[in-house]
Amino acid sequence: MKVLITENLRIDLEKELWECRHCDAALVSARDNYKRGLLVYDRDPREIHKPLLDPSKYKLTYSPDPQWCRILEYYCPQCGSMIETEYLPPGHPPVRDIDLDIDALKAQWRSRDEVLEAPVGTDPPRRLHDHDHAHGHGHDHGARK
Amino acid sequence: MDDIQPNAEQQALIEKFLDENKLFLAPDPMIMENHRIEPRSAVEEELLGSGRVDAHKINEVRGLIIAALDESHTMIEQMGVAPGAKWGDMTTAIFTAAGDLSMIAPHGVGGFAAAVFYPIKFINKYWVNEPTVGVRDGDGFIHNDARYGGIHNTDQSMMMPVFWKGKLVCWLSATIHEGENGSCEPGGMPAAAESKFDEGLKMPPFRVAENGELKRDLVTFLQNSVRDPKLQLEDMKVRLHSVLRLRERILKVLEEHGEEALIVTLRQHIEDVVEEVHRRIRELPDGTMRTVSFADSTLRESAMLKLTMALTVKGDRMIVDMRGSSPELLNRSINACQASFKTMLFTGFMQNIWPDLPFTMAVFTPFDFIFDKNSLINGSFDTPQAMSLIPLFKTMTIACIPMAKFNYSLPHRYTAIVAPQYDQPASLIYGGLTQHCEYTGNFCADINGMGQGGRSHRDGEHSISPPFAAHCDLGEIELMEEDLPMVRLGAFTMARDRVGFGKHRSGLGYEQIHTYRRSGLWGFMTGCSGSLFSSSQPLFGGYASPAYPMCKIKNINIFDELKKNPGKFSFDMIELMNTQPFEGASYSTHTMGMTFELAAPGELYMMCQGAGGGYGDVLLRDPALVMKDLEENFISDETARDIYKVVFDAATEVVDEEATARRRAEEREARKARGVPFDEFVKTWVTPEPPAHLPYMGCWDDPSEVYGIYAGQRVKMQGPDLTSQFMLNPKDVRIAELEAELATYRQGQAGGK
Ligand SMILES: [Zn+2]
């Protein structure tokens, strides 16, 4: 039985291992921090959020300030997929973001069927746009003029 | 004295005396720190415990109540004067007799109603039996101070009891984001407030209407306390009359179905929600998910303010642990009290995680909260909280990431998993004298136009809504221009390349180019962070939003320039800033924390509404979707090539599929080559404390050790013993810098002689 935990990771309950969903690589013990099974790169945020304003003219350019903000990119060591990203100030300890009770997880899935593809669910609610504010909403709000 | 041991009778007498002789009825921690629904009242217990509950009757009565809420809400929307009311920033609601929120209007802003139960509980506890106040049929109570419940003091509520056969059977409310409230800066959200006494009106709940009519003396007092007396009067009337209409409908329900049906419906509704939420928590995996979020501004100076969240699921309970977050700031306005924090966290759950649940604070009854005392999001009574939106906007999206990690494994979903929406109020606040010679101060409806985060199955929506309500609208620029001297030269241009990149990218924000004319006194402010550190965080390997500055073009009157040489103007703010087309103008960028400043007519203030976080690996984005973004001008050629690694012909925009696959495979290899195993990486990356150059507040590694900045010096505190931090005046800091520079210069001169 394998349990999907994120878009990129799953846990093999029998083997108690974190796995990459893209290449099936076994990463690290499911009881451990999954990040310990990954590669990390300290990315200068200006390489991703490139300056849009001329840096020779302005200090603030839409790029995060590299003295304040770094991007930690976590890669699968086998297939190079981006498993997680983390925006942190320089030197900030990476966050132990997922800390599951593996015994409880095993017990919970004893009565469930394996899920191979994550379900979608419905979209968050939103109002259909109606720019002229005249009548003709998809659903009626009452007398709206 | 110490050895006096009062007997039970004497002790009761002492307690009665103390109870009746409170010096000041400050916000009551018993009310303000309890987000849960009350235990059943005797009458509720009798009705619900009797087994006589008729589900069909409840359904019928619920339908009537919701229709009545919708009607009264529509009345506000049609008649309300505040810009907030025009674009949906309001709601009506109904509460149990004990004050628990039961239902809101279907298009209401739930955050408002989810905070109004606090002042209602205050009225129940303190005014009902107070001989000089009392609560009677036809009374209306007003309130705006978030310390007594609320999000911030711009929001004013009208609360009204409903009596039936002499008994109080339920409470009703109407709330509008009014804006102007007489604070030290126009618009009611003063970034410059250094104490709570700079915040303007601070109304604990008090009676302002009797027999369904506003009391003119009190209305006059309130009008006299704000910049916009017309707004104050008109919207007090609007709130009163929408609640009176709601009351009429509820009285009809009571006539037709009886009080038992109403009481049972209101109570059963929230008890069902509590039960359902317990069930939803129980189906999640047990464990702890953690996340951090940083605001990079106090709105007076740049500083890193950390929010840290650990969500723990254990059986059917959820524990929200916020310990280790930034300490409160005694002389900055960005603190929030814990009731406001819980309200906005709840709002975020309703928008992003469980949008199918009925909108009642009962959703959080199964939740436990742990805070440090005196933290930024558990601010004490004395801290200014006028710009609580800085941590609270982050609060609305912060749970998206840990809850996505809890929810992902579920065999079914209540909504699509979504990365955080843009989480700062990127909206211009204005104030001054209008072309109609009236003083005003308020905010633009752009606050309702944040880009959504990427979703598990598709891209995020552009400029969709604020993070606190799915149905608020952006507003009509032309209507705004009729009332105000402001002119929008660029309104809704999508902010190209300012995207949370990912397999499913975020929705984009849009550019705003603001100016004004025909006023002798006008100015602007913004209250927003995220100019140095990316604001909305990504999910599952996507990228965040970029960092957004405020851009200004000053020493210019754009209306003269447009007359002289209209061709020089561009509707693209990036182009205006990079080409600097107007001679003699000054061009500058600033952080988005800008206290109120007067502007000259025709000067340009330019900013962006933000993007959400991206979802998933950029290399997994369908090249066809990348090209569609390019075609629609959401991204540039460089982004398509450098971020998404798509190979295409620039002239024809045809993708070379094979070359793209090769390019992406190369990138995966490059990642493996530059990535370092985690344990090894941590050894060189992690520093024992925040870098010296960073003005940092909050914990670093251990949540029980919290950093602060007291009068310019870094301090380290134990989490349970946080003290308020005190910031230096940024002008004093600047003067000291300049004086030091001057001294160095003078020394150099003296040495040169
Ligand atoms: Zn892999």
# chains A, B, ... in the order shown; residues from 1 in each chain; ligands from 1
call {"tool": "select_by_dssp", "arguments": {"residues": "region 30-108 of chain A", "states": "strand (DSSP E or B)", "output": "VMD selection string"}}
result
chain A and resid 39 to 43 70 to 75 82 to 88 98 to 100
call {"tool": "residues_near_ligand", "arguments": {"ligand": "ligand 1", "cutoff": "9 Å", "atoms": "only C-alpha atoms and all ligand atoms", "output": "tab-separated table (two decimals) with C-alpha atoms, in the first residue's frame"}}
result
chain	number	residue	atom	x	y	z
A	8	ASN	CA	5.64	14.74	-5.77
A	9	LEU	CA	5.93	12.32	-2.88
A	19	GLU	CA	9.30	7.71	-2.64
A	20	CYS	CA	9.50	10.10	-5.58
A	21	ARG	CA	6.21	9.91	-7.51
A	22	HIS	CA	7.95	10.83	-10.76
A	23	CYS	CA	10.61	8.12	-10.90
A	24	ASP	CA	9.71	5.76	-8.00
A	25	ALA	CA	13.09	6.35	-6.34
A	26	ALA	CA	13.15	5.36	-2.66
A	27	LEU	CA	14.35	8.44	-0.80
A	75	TYR	CA	15.49	17.96	-6.17
A	76	CYS	CA	14.92	14.22	-6.47
A	77	PRO	CA	18.44	12.75	-6.58
A	78	GLN	CA	17.36	10.21	-9.22
A	79	CYS	CA	15.22	12.15	-11.70
A	80	GLY	CA	15.92	15.79	-10.86
A	81	SER	CA	12.24	16.70	-10.33
A	82	MET	CA	11.56	19.72	-8.15
A	83	ILE	CA	10.03	18.13	-5.07
call {"tool": "closest_residue", "arguments": {"among": "B:Asp382, B:Asp622, B:Asp70, B:Glu737", "to": "chain A", "atoms": "only C-alpha atoms"}}
result
B:Asp70
call {"tool": "closest_residue", "arguments": {"among": "B:Lys683, B:His73, B:Arg413, B:Arg282", "to": "chain A", "atoms": "only C-alpha atoms"}}
result
B:Arg413
call {"tool": "residues_around", "arguments": {"residues": "region 68-71 of chain A", "least_positions_apart": "5", "cutoff": "10 Å", "atoms": "only C-alpha atoms", "output": "ChimeraX atom specification"}}
result
/A:40-48,63,85-92 /B:294,296,303-304,532-534,543-544,691,693-696
call {"tool": "write_last_selection", "arguments": {"atoms": "N, CA and C atoms", "output": "mmCIF file, in the first residue's frame"}}
result
data_model
loop_
_atom_site.group_PDB
_atom_site.id
_atom_site.type_symbol
_atom_site.label_atom_id
_atom_site.label_comp_id
_atom_site.auth_asym_id
_atom_site.auth_seq_id
_atom_site.Cartn_x
_atom_site.Cartn_y
_atom_site.Cartn_z
ATOM 1 N N VAL A 40 19.633 19.688 -2.391
ATOM 2 C CA VAL A 40 19.187 21.069 -2.166
ATOM 3 C C VAL A 40 20.099 22.033 -2.905
ATOM 4 N N TYR A 41 19.513 23.113 -3.395
ATOM 5 C CA TYR A 41 20.299 24.166 -4.041
ATOM 6 C C TYR A 41 19.821 25.522 -3.542
ATOM 7 N N ASP A 42 20.770 26.365 -3.159
ATOM 8 C CA ASP A 42 20.478 27.717 -2.680
ATOM 9 C C ASP A 42 20.428 28.653 -3.885
ATOM 10 N N ARG A 43 19.229 29.021 -4.277
ATOM 11 C CA ARG A 43 19.017 29.786 -5.512
ATOM 12 C C ARG A 43 18.929 31.280 -5.210
ATOM 13 N N ASP A 44 19.697 32.066 -5.966
ATOM 14 C CA ASP A 44 19.549 33.526 -5.902
ATOM 15 C C ASP A 44 18.177 33.873 -6.487
ATOM 16 N N PRO A 45 17.314 34.536 -5.730
ATOM 17 C CA PRO A 45 15.943 34.761 -6.214
ATOM 18 C C PRO A 45 15.883 35.618 -7.482
ATOM 19 N N ARG A 46 16.957 36.365 -7.756
ATOM 20 C CA ARG A 46 16.956 37.217 -8.968
ATOM 21 C C ARG A 46 17.021 36.385 -10.246
ATOM 22 N N GLU A 47 17.430 35.108 -10.110
ATOM 23 C CA GLU A 47 17.477 34.244 -11.296
ATOM 24 C C GLU A 47 16.089 33.759 -11.699
ATOM 25 N N ILE A 48 15.175 33.727 -10.744
ATOM 26 C CA ILE A 48 13.800 33.280 -11.041
ATOM 27 C C ILE A 48 12.878 34.489 -11.223
ATOM 28 N N SER A 63 12.536 42.034 -8.199
ATOM 29 C CA SER A 63 13.243 40.849 -7.710
ATOM 30 C C SER A 63 13.277 40.907 -6.196
ATOM 31 N N THR A 85 9.958 23.690 -2.881
ATOM 32 C CA THR A 85 10.727 24.937 -2.851
ATOM 33 C C THR A 85 10.442 25.596 -1.512
ATOM 34 N N GLU A 86 11.390 26.348 -1.038
ATOM 35 C CA GLU A 86 11.226 26.976 0.273
ATOM 36 C C GLU A 86 11.872 28.357 0.206
ATOM 37 N N TYR A 87 11.097 29.407 0.477
ATOM 38 C CA TYR A 87 11.627 30.777 0.490
ATOM 39 C C TYR A 87 11.981 31.121 1.933
ATOM 40 N N LEU A 88 13.263 31.413 2.155
ATOM 41 C CA LEU A 88 13.727 31.676 3.519
ATOM 42 C C LEU A 88 14.741 32.809 3.515
ATOM 43 N N PRO A 89 14.887 33.500 4.645
ATOM 44 C CA PRO A 89 16.019 34.428 4.749
ATOM 45 C C PRO A 89 17.318 33.615 4.807
ATOM 46 N N PRO A 90 18.449 34.192 4.380
ATOM 47 C CA PRO A 90 19.703 33.429 4.312
ATOM 48 C C PRO A 90 20.066 32.810 5.658
ATOM 49 N N GLY A 91 20.387 31.530 5.630
ATOM 50 C CA GLY A 91 20.837 30.837 6.833
ATOM 51 C C GLY A 91 19.723 30.276 7.702
ATOM 52 N N HIS A 92 18.460 30.541 7.354
ATOM 53 C CA HIS A 92 17.331 30.060 8.173
ATOM 54 C C HIS A 92 17.212 28.542 8.052
ATOM 55 N N PHE B 294 6.690 35.261 6.082
ATOM 56 C CA PHE B 294 7.397 36.464 6.514
ATOM 57 C C PHE B 294 6.768 37.718 5.912
ATOM 58 N N ASP B 296 7.802 41.632 5.379
ATOM 59 C CA ASP B 296 9.115 42.279 5.392
ATOM 60 C C ASP B 296 9.047 43.761 5.746
ATOM 61 N N ALA B 303 11.581 45.259 7.974
ATOM 62 C CA ALA B 303 11.977 44.311 9.018
ATOM 63 C C ALA B 303 11.348 42.971 8.676
ATOM 64 N N MET B 304 12.043 41.894 9.014
ATOM 65 C CA MET B 304 11.501 40.554 8.764
ATOM 66 C C MET B 304 10.691 40.120 9.971
ATOM 67 N N LEU B 532 10.663 43.215 -0.565
ATOM 68 C CA LEU B 532 12.016 42.647 -0.483
ATOM 69 C C LEU B 532 11.969 41.121 -0.467
ATOM 70 N N PHE B 533 10.946 40.596 0.164
ATOM 71 C CA PHE B 533 10.789 39.146 0.330
ATOM 72 C C PHE B 533 9.477 38.747 -0.338
ATOM 73 N N SER B 534 9.492 37.697 -1.141
ATOM 74 C CA SER B 534 8.278 37.263 -1.845
ATOM 75 C C SER B 534 7.149 37.007 -0.858
ATOM 76 N N TYR B 543 7.064 28.236 -7.698
ATOM 77 C CA TYR B 543 7.739 29.444 -7.219
ATOM 78 C C TYR B 543 6.711 30.429 -6.668
ATOM 79 N N ALA B 544 7.225 31.361 -5.852
ATOM 80 C CA ALA B 544 6.366 32.342 -5.176
ATOM 81 C C ALA B 544 6.028 33.505 -6.107
ATOM 82 N N PRO B 691 21.144 36.548 10.247
ATOM 83 C CA PRO B 691 22.302 37.343 9.845
ATOM 84 C C PRO B 691 22.247 38.736 10.483
ATOM 85 N N HIS B 693 22.868 41.594 9.370
ATOM 86 C CA HIS B 693 22.329 42.706 8.565
ATOM 87 C C HIS B 693 20.799 42.713 8.543
ATOM 88 N N LEU B 694 20.170 41.646 9.028
ATOM 89 C CA LEU B 694 18.722 41.510 8.860
ATOM 90 C C LEU B 694 17.983 41.939 10.134
ATOM 91 N N PRO B 695 17.138 42.969 10.064
ATOM 92 C CA PRO B 695 16.304 43.310 11.221
ATOM 93 C C PRO B 695 15.220 42.249 11.357
ATOM 94 N N TYR B 696 15.423 41.302 12.245
ATOM 95 C CA TYR B 696 14.648 40.061 12.251
ATOM 96 C C TYR B 696 13.865 39.910 13.546
#
call {"tool": "closest_residue", "arguments": {"among": "B:Leu428, B:Leu330, B:Leu410, B:Val499", "to": "Arg112 (chain A)", "atoms": "only C-alpha atoms"}}
result
B:Leu410
call {"tool": "residues_around", "arguments": {"residues": "region 102-110 of chain A", "least_positions_apart": "2", "cutoff": "7 Å", "atoms": "only C-alpha atoms", "output": "list in words"}}
result
Leu13, Arg31, Leu100 and Arg112 of chain A; Pro285 and Asp286 of chain B
call {"tool": "write_last_selection", "arguments": {"atoms": "N, CA and C atoms", "output": "PDB file, in the first residue's frame"}}
result
ATOM      1  N   LEU A  13       3.905   2.158   2.666  1.00  0.00           N
ATOM      2  CA  LEU A  13       3.611   1.828   4.069  1.00  0.00           C
ATOM      3  C   LEU A  13       4.320   0.551   4.522  1.00  0.00           C
ATOM      4  N   ARG A  31       9.767   7.562   8.441  1.00  0.00           N
ATOM      5  CA  ARG A  31       9.743   8.166   9.779  1.00  0.00           C
ATOM      6  C   ARG A  31      10.720   9.331   9.882  1.00  0.00           C
ATOM      7  N   LEU A 100       4.735  13.066   9.967  1.00  0.00           N
ATOM      8  CA  LEU A 100       3.555  12.204  10.100  1.00  0.00           C
ATOM      9  C   LEU A 100       3.752  11.119  11.140  1.00  0.00           C
ATOM     10  N   ARG A 112      -8.786   1.508   4.039  1.00  0.00           N
ATOM     11  CA  ARG A 112      -8.987   2.288   2.809  1.00  0.00           C
ATOM     12  C   ARG A 112      -8.362   1.556   1.625  1.00  0.00           C
TER      13      ARG A 112
ATOM     14  N   PRO B 285      -4.561  12.411   8.158  1.00  0.00           N
ATOM     15  CA  PRO B 285      -3.517  11.647   8.846  1.00  0.00           C
ATOM     16  C   PRO B 285      -3.089  12.367  10.127  1.00  0.00           C
ATOM     17  N   ASP B 286      -2.769  11.603  11.162  1.00  0.00           N
ATOM     18  CA  ASP B 286      -2.237  12.201  12.389  1.00  0.00           C
ATOM     19  C   ASP B 286      -0.812  12.678  12.131  1.00  0.00           C
TER      20      ASP B 286
END
call {"tool": "closest_residue", "arguments": {"among": "A:Leu52, A:Ile11, A:Leu72, A:Val95", "to": "Val115 (chain A)", "atoms": "only C-alpha atoms"}}
result
A:Ile11
call {"tool": "residues_around", "arguments": {"residues": "Leu53 (chain A)", "least_positions_apart": "6", "cutoff": "10 Å", "atoms": "only C-alpha atoms", "output": "PyMOL selection string"}}
result
(chain A and resi 59-63) or (chain B and resi 549+551+573-579+589)
call {"tool": "closest_residue", "arguments": {"among": "B:Leu742, B:Leu244, B:Val655, B:Val418", "to": "chain A", "atoms": "only C-alpha atoms"}}
result
B:Val418
call {"tool": "atom_distance", "arguments": {"atom1": "CA of Tyr615 (chain B)", "atom2": "CA of Met592 (chain B)"}}
result
25.7 Å
